[in-house]
$ cat final_4.txt   # compact mmCIF, C-alpha atoms
# COMPACT_ATOMS: atom_id res chain seq x y z
CA MET Z 25 -20.57 10.11 -62.23
CA ALA Z 26 -20.91 12.08 -59.00
CA GLY Z 27 -23.24 9.34 -57.71
CA VAL Z 28 -20.72 6.58 -58.35
CA LYS Z 29 -17.93 8.61 -56.74
CA GLY Z 30 -20.15 9.20 -53.70
CA GLN Z 31 -20.88 5.49 -53.40
CA VAL Z 32 -17.19 4.62 -53.57
CA GLN Z 33 -16.38 7.19 -50.86
CA GLN Z 34 -19.23 5.88 -48.73
CA ARG Z 35 -17.89 2.34 -49.01
CA GLY Z 36 -14.41 3.61 -48.01
CA VAL Z 37 -15.87 5.25 -44.89
CA GLU Z 38 -17.72 2.08 -43.93
CA ARG Z 39 -14.62 -0.07 -44.46
CA ARG Z 40 -12.55 2.29 -42.30
CA ARG Z 41 -15.19 2.17 -39.58
CA ALA Z 42 -15.23 -1.65 -39.61
CA MET Z 43 -11.43 -1.63 -39.18
CA VAL Z 44 -11.53 0.80 -36.25
CA ASP Z 45 -14.39 -1.16 -34.60
CA ALA Z 46 -12.47 -4.43 -34.89
CA ALA Z 47 -9.27 -2.88 -33.53
CA LEU Z 48 -11.11 -1.15 -30.68
CA GLU Z 49 -12.57 -4.44 -29.52
CA LEU Z 50 -9.35 -6.45 -29.90
CA PHE Z 51 -7.00 -3.82 -28.39
CA GLY Z 52 -9.42 -3.35 -25.48
CA ARG Z 53 -9.54 -7.08 -24.81
CA GLN Z 54 -5.96 -8.17 -25.33
CA GLY Z 55 -3.86 -5.00 -25.52
CA VAL Z 56 -2.03 -3.44 -28.44
CA ARG Z 57 1.11 -5.54 -28.12
CA GLY Z 58 -0.94 -8.74 -27.98
CA THR Z 59 -2.87 -7.96 -31.17
CA GLY Z 60 -1.27 -8.33 -34.60
CA LEU Z 61 -2.49 -6.39 -37.63
CA ALA Z 62 -3.42 -9.71 -39.29
CA THR Z 63 -5.87 -10.45 -36.46
CA VAL Z 64 -7.49 -7.01 -36.77
CA ALA Z 65 -7.70 -7.43 -40.54
CA GLU Z 66 -9.33 -10.85 -40.27
CA ARG Z 67 -11.94 -9.56 -37.80
CA ALA Z 68 -12.69 -6.60 -40.09
CA GLY Z 69 -12.91 -8.82 -43.20
CA THR Z 70 -9.95 -7.16 -44.88
CA THR Z 71 -6.18 -7.48 -45.20
CA ALA Z 72 -3.21 -6.15 -43.21
CA SER Z 73 -2.07 -4.18 -46.25
CA ALA Z 74 -5.49 -2.49 -46.47
CA LEU Z 75 -5.04 -1.46 -42.80
CA ILE Z 76 -1.64 0.04 -43.58
CA HIS Z 77 -3.16 1.78 -46.61
CA HIS Z 78 -5.81 3.43 -44.41
CA PHE Z 79 -3.80 4.21 -41.25
CA GLY Z 80 -0.17 4.34 -42.37
CA SER Z 81 1.06 2.10 -39.51
CA LYS Z 82 -0.10 0.21 -36.45
CA ASP Z 83 0.46 3.40 -34.42
CA GLY Z 84 -1.84 5.22 -36.82
CA LEU Z 85 -4.50 2.59 -36.20
CA VAL Z 86 -4.01 2.95 -32.41
CA ARG Z 87 -4.49 6.73 -32.71
CA ALA Z 88 -7.70 6.17 -34.70
CA VAL Z 89 -8.96 3.76 -32.02
CA LEU Z 90 -8.22 6.21 -29.19
CA ALA Z 91 -9.96 9.03 -31.09
CA GLU Z 92 -12.97 6.78 -31.73
CA ALA Z 93 -13.19 5.92 -28.01
CA ASP Z 94 -13.22 9.65 -27.19
CA ARG Z 95 -15.87 10.28 -29.87
CA ARG Z 96 -18.08 7.55 -28.42
CA ALA Z 97 -17.72 8.93 -24.90
CA LEU Z 98 -18.85 12.37 -26.10
CA ALA Z 99 -21.74 10.87 -28.07
CA ARG Z 100 -22.84 8.84 -25.04
CA LEU Z 101 -22.98 12.02 -22.98
CA GLY Z 102 -24.98 13.75 -25.72
CA ALA Z 103 -22.23 16.37 -25.88
CA ALA Z 104 -21.49 18.05 -29.19
CA PRO Z 105 -17.71 18.49 -29.66
CA GLU Z 106 -18.23 22.25 -30.04
CA ALA Z 107 -20.53 22.50 -27.00
CA GLU Z 108 -19.81 25.22 -24.43
CA PRO Z 109 -21.12 23.58 -21.27
CA THR Z 110 -21.63 25.33 -17.97
CA LEU Z 111 -19.43 24.06 -15.15
CA GLU Z 112 -22.45 22.28 -13.69
CA GLN Z 113 -23.04 20.46 -17.00
CA ALA Z 114 -19.36 19.57 -17.41
CA PHE Z 115 -19.11 18.24 -13.85
CA ALA Z 116 -22.29 16.16 -14.37
CA TRP Z 117 -20.80 14.72 -17.59
CA PHE Z 118 -17.64 13.60 -15.77
CA VAL Z 119 -19.71 11.87 -13.10
CA ARG Z 120 -21.87 10.11 -15.71
CA ASP Z 121 -18.78 9.10 -17.66
CA ALA Z 122 -17.29 7.61 -14.47
CA GLU Z 123 -20.50 5.63 -13.90
CA HIS Z 124 -20.33 4.25 -17.43
CA THR Z 125 -16.60 3.50 -17.18
CA ALA Z 126 -16.96 1.67 -13.87
CA ALA Z 127 -19.82 -0.40 -15.27
CA THR Z 128 -18.43 -1.43 -18.66
CA GLU Z 129 -15.14 0.08 -19.79
CA ARG Z 130 -12.32 -1.45 -17.74
CA GLU Z 131 -10.40 -2.78 -20.77
CA LEU Z 132 -10.54 0.42 -22.76
CA THR Z 133 -9.59 2.54 -19.76
CA ALA Z 134 -6.66 0.27 -18.97
CA LEU Z 135 -5.56 0.50 -22.62
CA HIS Z 136 -5.67 4.29 -22.43
CA THR Z 137 -3.68 4.41 -19.17
CA THR Z 138 -1.08 1.87 -20.27
CA LEU Z 139 -0.51 3.62 -23.60
CA THR Z 140 -0.18 7.01 -21.88
CA ALA Z 141 2.49 5.61 -19.55
CA GLU Z 142 4.34 4.03 -22.48
CA ASN Z 143 4.42 7.36 -24.30
CA LEU Z 144 5.59 9.82 -21.64
CA THR Z 145 8.86 10.57 -23.43
CA PRO Z 146 9.00 12.92 -26.43
CA GLY Z 147 9.79 10.92 -29.54
CA THR Z 148 7.69 7.89 -28.60
CA ALA Z 149 5.04 7.07 -31.21
CA LEU Z 150 1.96 8.40 -29.40
CA HIS Z 151 3.57 11.06 -27.19
CA ASP Z 152 2.34 14.06 -29.15
CA TRP Z 153 -1.15 12.58 -29.51
CA PHE Z 154 -1.56 12.16 -25.72
CA ARG Z 155 0.10 15.50 -24.93
CA ASP Z 156 -2.14 17.36 -27.39
CA ARG Z 157 -5.25 15.53 -26.17
CA GLY Z 158 -4.38 16.63 -22.62
CA ARG Z 159 -3.88 20.22 -23.77
CA ALA Z 160 -7.22 20.19 -25.63
CA LEU Z 161 -9.09 18.84 -22.58
CA ARG Z 162 -7.48 21.43 -20.28
CA SER Z 163 -8.23 24.19 -22.76
CA HIS Z 164 -11.95 23.22 -22.90
CA LEU Z 165 -12.06 23.01 -19.11
CA ALA Z 166 -10.28 26.34 -18.66
CA ALA Z 167 -12.80 27.98 -21.00
CA ALA Z 168 -15.68 26.61 -18.90
CA PHE Z 169 -14.07 27.92 -15.69
CA ALA Z 170 -13.49 31.32 -17.33
CA ARG Z 171 -17.12 31.54 -18.54
CA ALA Z 172 -18.38 30.73 -15.03
CA ALA Z 173 -16.13 33.40 -13.51
CA ALA Z 174 -17.37 35.92 -16.10
CA ASP Z 175 -21.10 35.21 -15.75
CA GLY Z 176 -21.04 35.22 -11.94
CA THR Z 177 -21.89 31.53 -11.37
CA ALA Z 178 -18.37 31.06 -9.90
CA ARG Z 179 -16.08 33.35 -7.93
CA PRO Z 180 -14.49 35.96 -10.21
CA ASP Z 181 -10.94 35.50 -8.90
CA LEU Z 182 -10.54 31.82 -9.88
CA ASP Z 183 -7.52 30.73 -11.99
CA PRO Z 184 -9.01 28.90 -15.01
CA ALA Z 185 -5.79 27.27 -16.28
CA THR Z 186 -4.70 25.92 -12.90
CA LEU Z 187 -8.18 24.64 -12.03
CA ALA Z 188 -8.35 22.94 -15.43
CA ALA Z 189 -5.01 21.20 -14.83
CA GLU Z 190 -6.03 20.22 -11.32
CA THR Z 191 -9.30 18.71 -12.56
CA ALA Z 192 -7.54 16.87 -15.40
CA ALA Z 193 -5.03 15.51 -12.86
CA PHE Z 194 -7.85 14.26 -10.64
CA LEU Z 195 -9.56 12.55 -13.60
CA GLU Z 196 -6.38 10.74 -14.74
CA GLY Z 197 -5.44 9.72 -11.22
CA ALA Z 198 -8.92 8.53 -10.24
CA HIS Z 199 -8.99 6.16 -13.20
CA LEU Z 200 -5.51 4.86 -12.37
CA LEU Z 201 -6.44 4.21 -8.72
CA TRP Z 202 -9.64 2.45 -9.75
CA LEU Z 203 -7.87 0.26 -12.32
CA LEU Z 204 -5.32 -0.80 -9.70
CA ASP Z 205 -7.79 -1.43 -6.87
CA PRO Z 206 -11.43 -1.63 -8.06
CA GLU Z 207 -12.51 -3.36 -4.84
CA HIS Z 208 -11.47 -0.37 -2.72
CA ILE Z 209 -12.05 2.53 -5.15
CA ASP Z 210 -15.60 3.58 -6.04
CA LEU Z 211 -14.96 5.58 -9.21
CA PRO Z 212 -18.36 7.36 -9.42
CA ALA Z 213 -18.39 8.17 -5.67
CA LEU Z 214 -14.88 9.61 -5.97
CA HIS Z 215 -16.00 11.82 -8.87
CA ARG Z 216 -19.07 13.01 -6.98
CA SER Z 217 -16.93 13.95 -3.98
CA TYR Z 218 -14.34 15.81 -6.06
CA PHE Z 219 -16.84 17.81 -8.11
CA THR Z 220 -19.06 18.59 -5.10
CA GLY Z 221 -15.99 19.89 -3.29
CA LEU Z 222 -14.83 21.87 -6.31
CA SER Z 223 -18.28 23.46 -6.74
CA ALA Z 224 -18.27 24.49 -3.08
CA ARG Z 225 -14.79 26.04 -3.46
CA LEU Z 226 -15.90 28.03 -6.49
CA THR Z 227 -19.17 29.39 -5.10
CA PRO Z 228 -19.00 33.18 -5.35
CA PRO Z 229 -18.76 34.92 -1.97
CA PRO Z 230 -22.07 36.44 -0.82
CA ALA Z 231 -22.52 39.93 -2.30
CA MET R 30 31.93 -14.56 18.09
CA ALA R 31 29.05 -12.11 18.37
CA GLY R 32 31.40 -9.40 17.09
CA VAL R 33 32.34 -11.43 14.01
CA LYS R 34 28.72 -12.31 13.33
CA GLY R 35 27.79 -8.62 13.63
CA GLN R 36 30.52 -7.66 11.17
CA VAL R 37 29.34 -10.23 8.66
CA GLN R 38 25.75 -9.00 8.95
CA GLN R 39 26.94 -5.43 8.58
CA ARG R 40 28.81 -6.31 5.40
CA GLY R 41 25.65 -8.03 4.08
CA VAL R 42 23.62 -4.85 4.70
CA GLU R 43 26.21 -2.70 2.96
CA ARG R 44 26.38 -5.04 -0.02
CA ARG R 45 22.58 -5.04 -0.32
CA ARG R 46 22.55 -1.25 -0.17
CA ALA R 47 25.17 -0.99 -2.94
CA MET R 48 23.01 -3.26 -5.12
CA VAL R 49 19.85 -1.21 -4.54
CA ASP R 50 21.73 2.06 -5.16
CA ALA R 51 23.14 0.76 -8.45
CA ALA R 52 19.73 -0.53 -9.59
CA LEU R 53 17.97 2.70 -8.56
CA GLU R 54 20.33 4.75 -10.69
CA LEU R 55 20.26 2.44 -13.71
CA PHE R 56 16.49 1.76 -13.68
CA GLY R 57 15.84 5.49 -13.30
CA ARG R 58 18.09 6.34 -16.24
CA GLN R 59 17.29 3.58 -18.72
CA GLY R 60 14.20 1.81 -17.44
CA VAL R 61 13.75 -1.68 -16.03
CA ARG R 62 13.41 -3.42 -19.38
CA GLY R 63 16.55 -1.72 -20.71
CA THR R 64 18.70 -2.80 -17.73
CA GLY R 65 19.98 -6.35 -17.39
CA LEU R 66 20.90 -7.87 -14.03
CA ALA R 67 24.49 -8.22 -15.27
CA THR R 68 24.71 -4.43 -15.70
CA VAL R 69 23.37 -3.80 -12.19
CA ALA R 70 25.78 -6.39 -10.78
CA GLU R 71 28.77 -4.84 -12.54
CA ARG R 72 27.90 -1.36 -11.26
CA ALA R 73 27.49 -2.73 -7.71
CA GLY R 74 30.78 -4.68 -7.89
CA THR R 75 29.04 -8.04 -7.54
CA THR R 76 27.51 -10.82 -9.65
CA ALA R 77 24.05 -11.47 -11.08
CA SER R 78 23.74 -14.60 -8.96
CA ALA R 79 24.45 -12.56 -5.81
CA LEU R 80 21.58 -10.24 -6.86
CA ILE R 81 19.26 -13.24 -7.25
CA HIS R 82 20.46 -14.53 -3.87
CA HIS R 83 19.51 -11.23 -2.18
CA PHE R 84 16.29 -10.33 -4.04
CA GLY R 85 14.95 -13.63 -5.40
CA SER R 86 14.33 -12.23 -8.90
CA LYS R 87 14.57 -9.07 -10.99
CA ASP R 88 11.03 -8.20 -9.81
CA GLY R 89 12.23 -8.51 -6.22
CA LEU R 90 15.04 -6.07 -6.99
CA VAL R 91 12.54 -3.67 -8.60
CA ARG R 92 10.36 -3.80 -5.47
CA ALA R 93 13.42 -3.05 -3.30
CA VAL R 94 14.27 -0.07 -5.55
CA LEU R 95 10.72 1.33 -5.35
CA ALA R 96 10.70 0.93 -1.56
CA GLU R 97 14.09 2.67 -1.33
CA ALA R 98 12.81 5.58 -3.44
CA ASP R 99 9.85 5.97 -1.03
CA ARG R 100 12.19 5.77 1.97
CA ARG R 101 14.42 8.49 0.53
CA ALA R 102 11.40 10.73 -0.16
CA LEU R 103 10.27 10.40 3.48
CA ALA R 104 13.80 11.01 4.76
CA ARG R 105 14.12 14.11 2.55
CA LEU R 106 10.93 15.50 4.09
CA GLY R 107 12.22 14.74 7.58
CA ALA R 108 9.14 12.58 8.09
CA ALA R 109 9.39 9.53 10.31
CA PRO R 110 7.44 6.58 8.84
CA GLU R 111 5.36 6.40 12.03
CA ALA R 112 4.72 10.18 12.14
CA GLU R 113 1.16 11.39 12.66
CA PRO R 114 1.25 14.71 10.82
CA THR R 115 -1.44 17.34 10.97
CA LEU R 116 -3.20 18.01 7.65
CA GLU R 117 -1.25 21.23 7.34
CA GLN R 118 2.05 19.33 7.72
CA ALA R 119 1.02 16.60 5.31
CA PHE R 120 -0.10 19.12 2.67
CA ALA R 121 3.19 21.03 3.07
CA TRP R 122 5.13 17.77 2.59
CA PHE R 123 3.34 17.03 -0.67
CA VAL R 124 4.12 20.50 -1.98
CA ARG R 125 7.80 20.18 -1.01
CA ASP R 126 7.96 16.73 -2.56
CA ALA R 127 6.52 18.14 -5.80
CA GLU R 128 9.18 20.87 -5.79
CA HIS R 129 11.91 18.27 -5.37
CA THR R 130 10.41 15.98 -8.02
CA ALA R 131 10.06 18.76 -10.58
CA ALA R 132 13.66 19.84 -9.97
CA THR R 133 15.46 16.49 -10.03
CA GLU R 134 13.38 13.32 -10.18
CA ARG R 135 11.89 13.00 -13.68
CA GLU R 136 13.44 9.56 -14.39
CA LEU R 137 12.40 7.98 -11.10
CA THR R 138 8.87 9.40 -11.34
CA ALA R 139 8.53 8.12 -14.91
CA LEU R 140 9.74 4.71 -13.76
CA HIS R 141 7.13 4.66 -11.01
CA THR R 142 4.30 5.69 -13.37
CA THR R 143 5.32 3.29 -16.14
CA LEU R 144 5.61 0.36 -13.73
CA THR R 145 2.22 1.16 -12.18
CA ALA R 146 0.57 1.15 -15.61
CA GLU R 147 2.28 -2.14 -16.50
CA ASN R 148 0.95 -3.76 -13.33
CA LEU R 149 -2.73 -2.78 -13.29
CA THR R 150 -3.93 -6.34 -13.72
CA PRO R 151 -4.01 -8.79 -10.79
CA GLY R 152 -1.40 -11.46 -11.35
CA THR R 153 1.22 -9.14 -12.86
CA ALA R 154 4.50 -9.21 -10.93
CA LEU R 155 4.19 -5.89 -9.10
CA HIS R 156 0.39 -5.55 -8.95
CA ASP R 157 0.03 -6.34 -5.25
CA TRP R 158 2.98 -4.14 -4.33
CA PHE R 159 1.47 -1.06 -6.05
CA ARG R 160 -2.06 -1.84 -4.83
CA ASP R 161 -0.88 -2.23 -1.23
CA ARG R 162 1.29 0.89 -1.41
CA GLY R 163 -1.79 2.82 -2.59
CA ARG R 164 -3.87 1.41 0.26
CA ALA R 165 -1.18 2.32 2.82
CA LEU R 166 -0.93 5.89 1.51
CA ARG R 167 -4.73 6.32 1.57
CA SER R 168 -4.89 4.83 5.04
CA HIS R 169 -2.29 7.31 6.37
CA LEU R 170 -4.12 10.18 4.66
CA ALA R 171 -7.52 9.08 5.96
CA ALA R 172 -6.11 8.95 9.49
CA ALA R 173 -4.84 12.55 9.14
CA PHE R 174 -8.25 13.71 7.86
CA ALA R 175 -9.97 11.89 10.74
CA ARG R 176 -7.64 13.45 13.33
CA ALA R 177 -8.32 16.92 11.93
CA ALA R 178 -12.09 16.32 12.03
CA ALA R 179 -11.80 15.10 15.63
CA ASP R 180 -9.61 17.94 16.95
CA GLY R 181 -11.68 20.68 15.31
CA THR R 182 -9.04 21.92 12.83
CA ALA R 183 -11.27 20.63 9.99
CA ARG R 184 -15.04 20.36 9.59
CA PRO R 185 -16.39 17.44 11.62
CA ASP R 186 -18.59 16.03 8.82
CA LEU R 187 -15.77 15.28 6.34
CA ASP R 188 -15.43 11.78 4.84
CA PRO R 189 -11.82 10.70 5.59
CA ALA R 190 -11.68 7.69 3.22
CA THR R 191 -13.12 9.51 0.21
CA LEU R 192 -10.95 12.60 0.76
CA ALA R 193 -7.89 10.35 1.06
CA ALA R 194 -8.73 8.63 -2.25
CA GLU R 195 -9.40 11.96 -3.92
CA THR R 196 -6.06 13.36 -2.75
CA ALA R 197 -4.20 10.22 -3.82
CA ALA R 198 -5.90 10.46 -7.24
CA PHE R 199 -4.81 14.08 -7.59
CA LEU R 200 -1.20 13.19 -6.67
CA GLU R 201 -0.98 10.32 -9.20
CA GLY R 202 -2.64 12.33 -11.96
CA ALA R 203 -0.59 15.48 -11.38
CA HIS R 204 2.64 13.53 -11.82
CA LEU R 205 1.31 11.87 -14.98
CA LEU R 206 0.27 15.21 -16.52
CA TRP R 207 3.65 16.75 -15.67
CA LEU R 208 5.61 13.81 -17.12
CA LEU R 209 3.64 14.07 -20.36
CA ASP R 210 3.81 17.86 -20.72
CA PRO R 211 6.41 19.46 -18.41
CA GLU R 212 6.43 22.67 -20.49
CA HIS R 213 2.76 23.31 -19.74
CA ILE R 214 2.36 21.74 -16.28
CA ASP R 215 3.92 23.43 -13.25
CA LEU R 216 3.92 20.54 -10.78
CA PRO R 217 4.53 22.57 -7.57
CA ALA R 218 1.99 25.28 -8.56
CA LEU R 219 -0.58 22.59 -9.25
CA HIS R 220 0.03 21.07 -5.80
CA ARG R 221 -0.24 24.46 -4.10
CA SER R 222 -3.56 25.13 -5.84
CA TYR R 223 -5.01 21.73 -4.97
CA PHE R 224 -4.02 21.80 -1.30
CA THR R 225 -5.03 25.44 -0.84
CA GLY R 226 -8.44 24.59 -2.27
CA LEU R 227 -8.75 21.47 -0.17
CA SER R 228 -7.85 23.39 3.01
CA ALA R 229 -10.51 26.00 2.20
CA ARG R 230 -13.12 23.25 1.66
CA LEU R 231 -12.29 21.66 4.99
CA THR R 232 -12.30 24.81 7.14
CA PRO R 233 -14.82 24.25 9.92
CA PRO R 234 -17.91 26.45 9.63
CA PRO R 235 -17.87 29.43 12.04
CA ALA R 236 -19.21 28.39 15.47
$ encode --input "final_4.txt" --output "structure tokens"
Amino acid sequence: MAGVKGQVQQRGVERRRAMVDAALELFGRQGVRGTGLATVAERAGTTASALIHHFGSKDGLVRAVLAEADRRALARLGAAPEAEPTLEQAFAWFVRDAEHTAATERELTALHTTLTAENLTPGTALHDWFRDRGRALRSHLAAAFARAAADGTARPDLDPATLAAETAAFLEGAHLLWLLDPEHIDLPALHRSYFTGLSARLTPPPA
Amino acid sequence: MAGVKGQVQQRGVERRRAMVDAALELFGRQGVRGTGLATVAERAGTTASALIHHFGSKDGLVRAVLAEADRRALARLGAAPEAEPTLEQAFAWFVRDAEHTAATERELTALHTTLTAENLTPGTALHDWFRDRGRALRSHLAAAFARAAADGTARPDLDPATLAAETAAFLEGAHLLWLLDPEHIDLPALHRSYFTGLSARLTPPPA
């Protein structure tokens, strides 16, 4: 009995993954507004009502797609979600992520930016998801700054929360600038410059 | 005759200004999509066809509103459009602008960010306007960095174009983060931290 139940659960997981994969590709290519649930269902070999059953609503499916994109980015960097990177490691991840984004991820990045801008106001469908994602990123970053200040690899008087917000602001803005003007904005070079400058700022004063 | 012609032109300028003022207020409060031309016309004491006559289309009116918002920001800072500020002056302007924005300009900033995100793709109505505005801002910033490198107030080996892009990225991203999470993001404090750090990075090495 346990074996049969396990198989059924396994099939449910696979079906859910096929739905998210299909939606990720279609949303990335033609936007959320331009993609009906019926189209996602057809691509995933299922029905619109099965999508609603799994995700509750189209917004639920969009949240699952955004979470999957984040999960893939972490996996690509070889970063465990519970990792406690050094600042040097974290900065290197952001540069590598920018290289990958500039090479292959225009559609997904544009989707992310457009959806953020559509959900700035409390009460919009994805507002809390984006706000909480931002808070989580800043909290991880602040922890990395605090560890570096504590272990002496960065100056002890740095302000972890403000530096985390500043870095998150740079990351959001760099992607926006690049999306708007890819001919003039070199996304990886911009990241290298920012993180090189930030490292220099944070170097502890000579003892 | 010249006097009459001058009066007619003057009335045309005033009428145009009333239209832009009405649109600025309405777009800021209820968004572009939520504001019909008829509503703008009524507020400005004119007709929708007079709006089309002056601006060509609703997109033309939106461009005029965005340009007017930029003009007001410069005027508020006491900055002439052709000014050649020092880095210190430019950084102080950005901090003062952030203070003003955080105090009073949420709607207009949200409008700017939402419209940027809706016009990332070449061919969208306002794409070239936002792209060219970004280029102009970066060009002004790069010139200020280059002047500081040349006159010895900043290190001579700085890269003006990359620093300009980095600063523009920070500015865009900081506003986005603040719009999404004003309870957790202190926009002026974030600006002070970024520009203090940037100044420290650019200090020329001791001779």
$ atom_distance --input "final_4.txt" --atom1 "CA of Gly80 in chain Z" --atom2 "CA of Asn143 in chain Z"
18.9 Å
$ interface_residues --input "final_4.txt" --of "chain R" --to "chain Z" --cutoff "9 Å" --atoms "all atoms listed in the file" --output "ChimeraX atom specification"
/R:139,142-151,156-157,159-161,163-164,191-192,194-206,208-210,213-215,218-220,222-223,226-227,229-230
$ axis_aligned_box --input "final_4.txt" --around "range 137-151 of chain R" --padding-each-side "4 Å" --output "AutoDock Vina command-line options"
--center_x 4.2 --center_y 0.3 --center_z -13.6 --size_x 24.4 --size_y 26.2 --size_z 13.7
$ atom_distance --input "final_4.txt" --atom1 "CA of Gly107 in chain R" --atom2 "CA of Arg40 in chain R"
26.9 Å
$ residues_around --input "final_4.txt" --residues "Asp121 in chain Z" --least-positions-apart "2" --cutoff "9 Å" --atoms "only C-alpha atoms" --output "list in words"
Ala97, Arg100, Leu101, Ala116, Trp117, Phe118, Val119, Glu123, His124, Thr125, Ala126 and Pro212 of chain Z
$ build_atoms --input "final_4.txt" --residues "range 115-128 of chain R" --atoms "N, CA and C atoms" --output "PDB file, keeping the file's coordinate frame"
ATOM      1  N   THR R 115      -0.189  16.608  11.161  1.00  0.00           N
ATOM      2  CA  THR R 115      -1.440  17.340  10.970  1.00  0.00           C
ATOM      3  C   THR R 115      -1.685  17.448   9.459  1.00  0.00           C
ATOM      4  N   LEU R 116      -2.915  17.814   9.081  1.00  0.00           N
ATOM      5  CA  LEU R 116      -3.200  18.010   7.650  1.00  0.00           C
ATOM      6  C   LEU R 116      -2.285  19.066   7.069  1.00  0.00           C
ATOM      7  N   GLU R 117      -2.083  20.137   7.828  1.00  0.00           N
ATOM      8  CA  GLU R 117      -1.250  21.230   7.340  1.00  0.00           C
ATOM      9  C   GLU R 117       0.166  20.728   7.041  1.00  0.00           C
ATOM     10  N   GLN R 118       0.715  19.902   7.954  1.00  0.00           N
ATOM     11  CA  GLN R 118       2.050  19.330   7.720  1.00  0.00           C
ATOM     12  C   GLN R 118       2.063  18.411   6.507  1.00  0.00           C
ATOM     13  N   ALA R 119       1.055  17.546   6.423  1.00  0.00           N
ATOM     14  CA  ALA R 119       1.020  16.600   5.310  1.00  0.00           C
ATOM     15  C   ALA R 119       0.919  17.344   3.970  1.00  0.00           C
ATOM     16  N   PHE R 120       0.058  18.362   3.913  1.00  0.00           N
ATOM     17  CA  PHE R 120      -0.100  19.120   2.670  1.00  0.00           C
ATOM     18  C   PHE R 120       1.225  19.809   2.313  1.00  0.00           C
ATOM     19  N   ALA R 121       1.911  20.361   3.328  1.00  0.00           N
ATOM     20  CA  ALA R 121       3.190  21.030   3.070  1.00  0.00           C
ATOM     21  C   ALA R 121       4.229  20.033   2.560  1.00  0.00           C
ATOM     22  N   TRP R 122       4.205  18.797   3.086  1.00  0.00           N
ATOM     23  CA  TRP R 122       5.130  17.770   2.590  1.00  0.00           C
ATOM     24  C   TRP R 122       4.895  17.487   1.110  1.00  0.00           C
ATOM     25  N   PHE R 123       3.615  17.355   0.728  1.00  0.00           N
ATOM     26  CA  PHE R 123       3.340  17.030  -0.670  1.00  0.00           C
ATOM     27  C   PHE R 123       3.815  18.139  -1.601  1.00  0.00           C
ATOM     28  N   VAL R 124       3.658  19.387  -1.152  1.00  0.00           N
ATOM     29  CA  VAL R 124       4.120  20.500  -1.980  1.00  0.00           C
ATOM     30  C   VAL R 124       5.647  20.465  -2.091  1.00  0.00           C
ATOM     31  N   ARG R 125       6.338  20.232  -0.970  1.00  0.00           N
ATOM     32  CA  ARG R 125       7.800  20.180  -1.010  1.00  0.00           C
ATOM     33  C   ARG R 125       8.286  19.004  -1.852  1.00  0.00           C
ATOM     34  N   ASP R 126       7.586  17.882  -1.755  1.00  0.00           N
ATOM     35  CA  ASP R 126       7.960  16.730  -2.560  1.00  0.00           C
ATOM     36  C   ASP R 126       7.792  17.035  -4.060  1.00  0.00           C
ATOM     37  N   ALA R 127       6.729  17.763  -4.390  1.00  0.00           N
ATOM     38  CA  ALA R 127       6.520  18.140  -5.800  1.00  0.00           C
ATOM     39  C   ALA R 127       7.631  19.063  -6.281  1.00  0.00           C
ATOM     40  N   GLU R 128       8.074  19.969  -5.404  1.00  0.00           N
ATOM     41  CA  GLU R 128       9.180  20.870  -5.790  1.00  0.00           C
ATOM     42  C   GLU R 128      10.445  20.056  -6.065  1.00  0.00           C
TER      43      GLU R 128
END
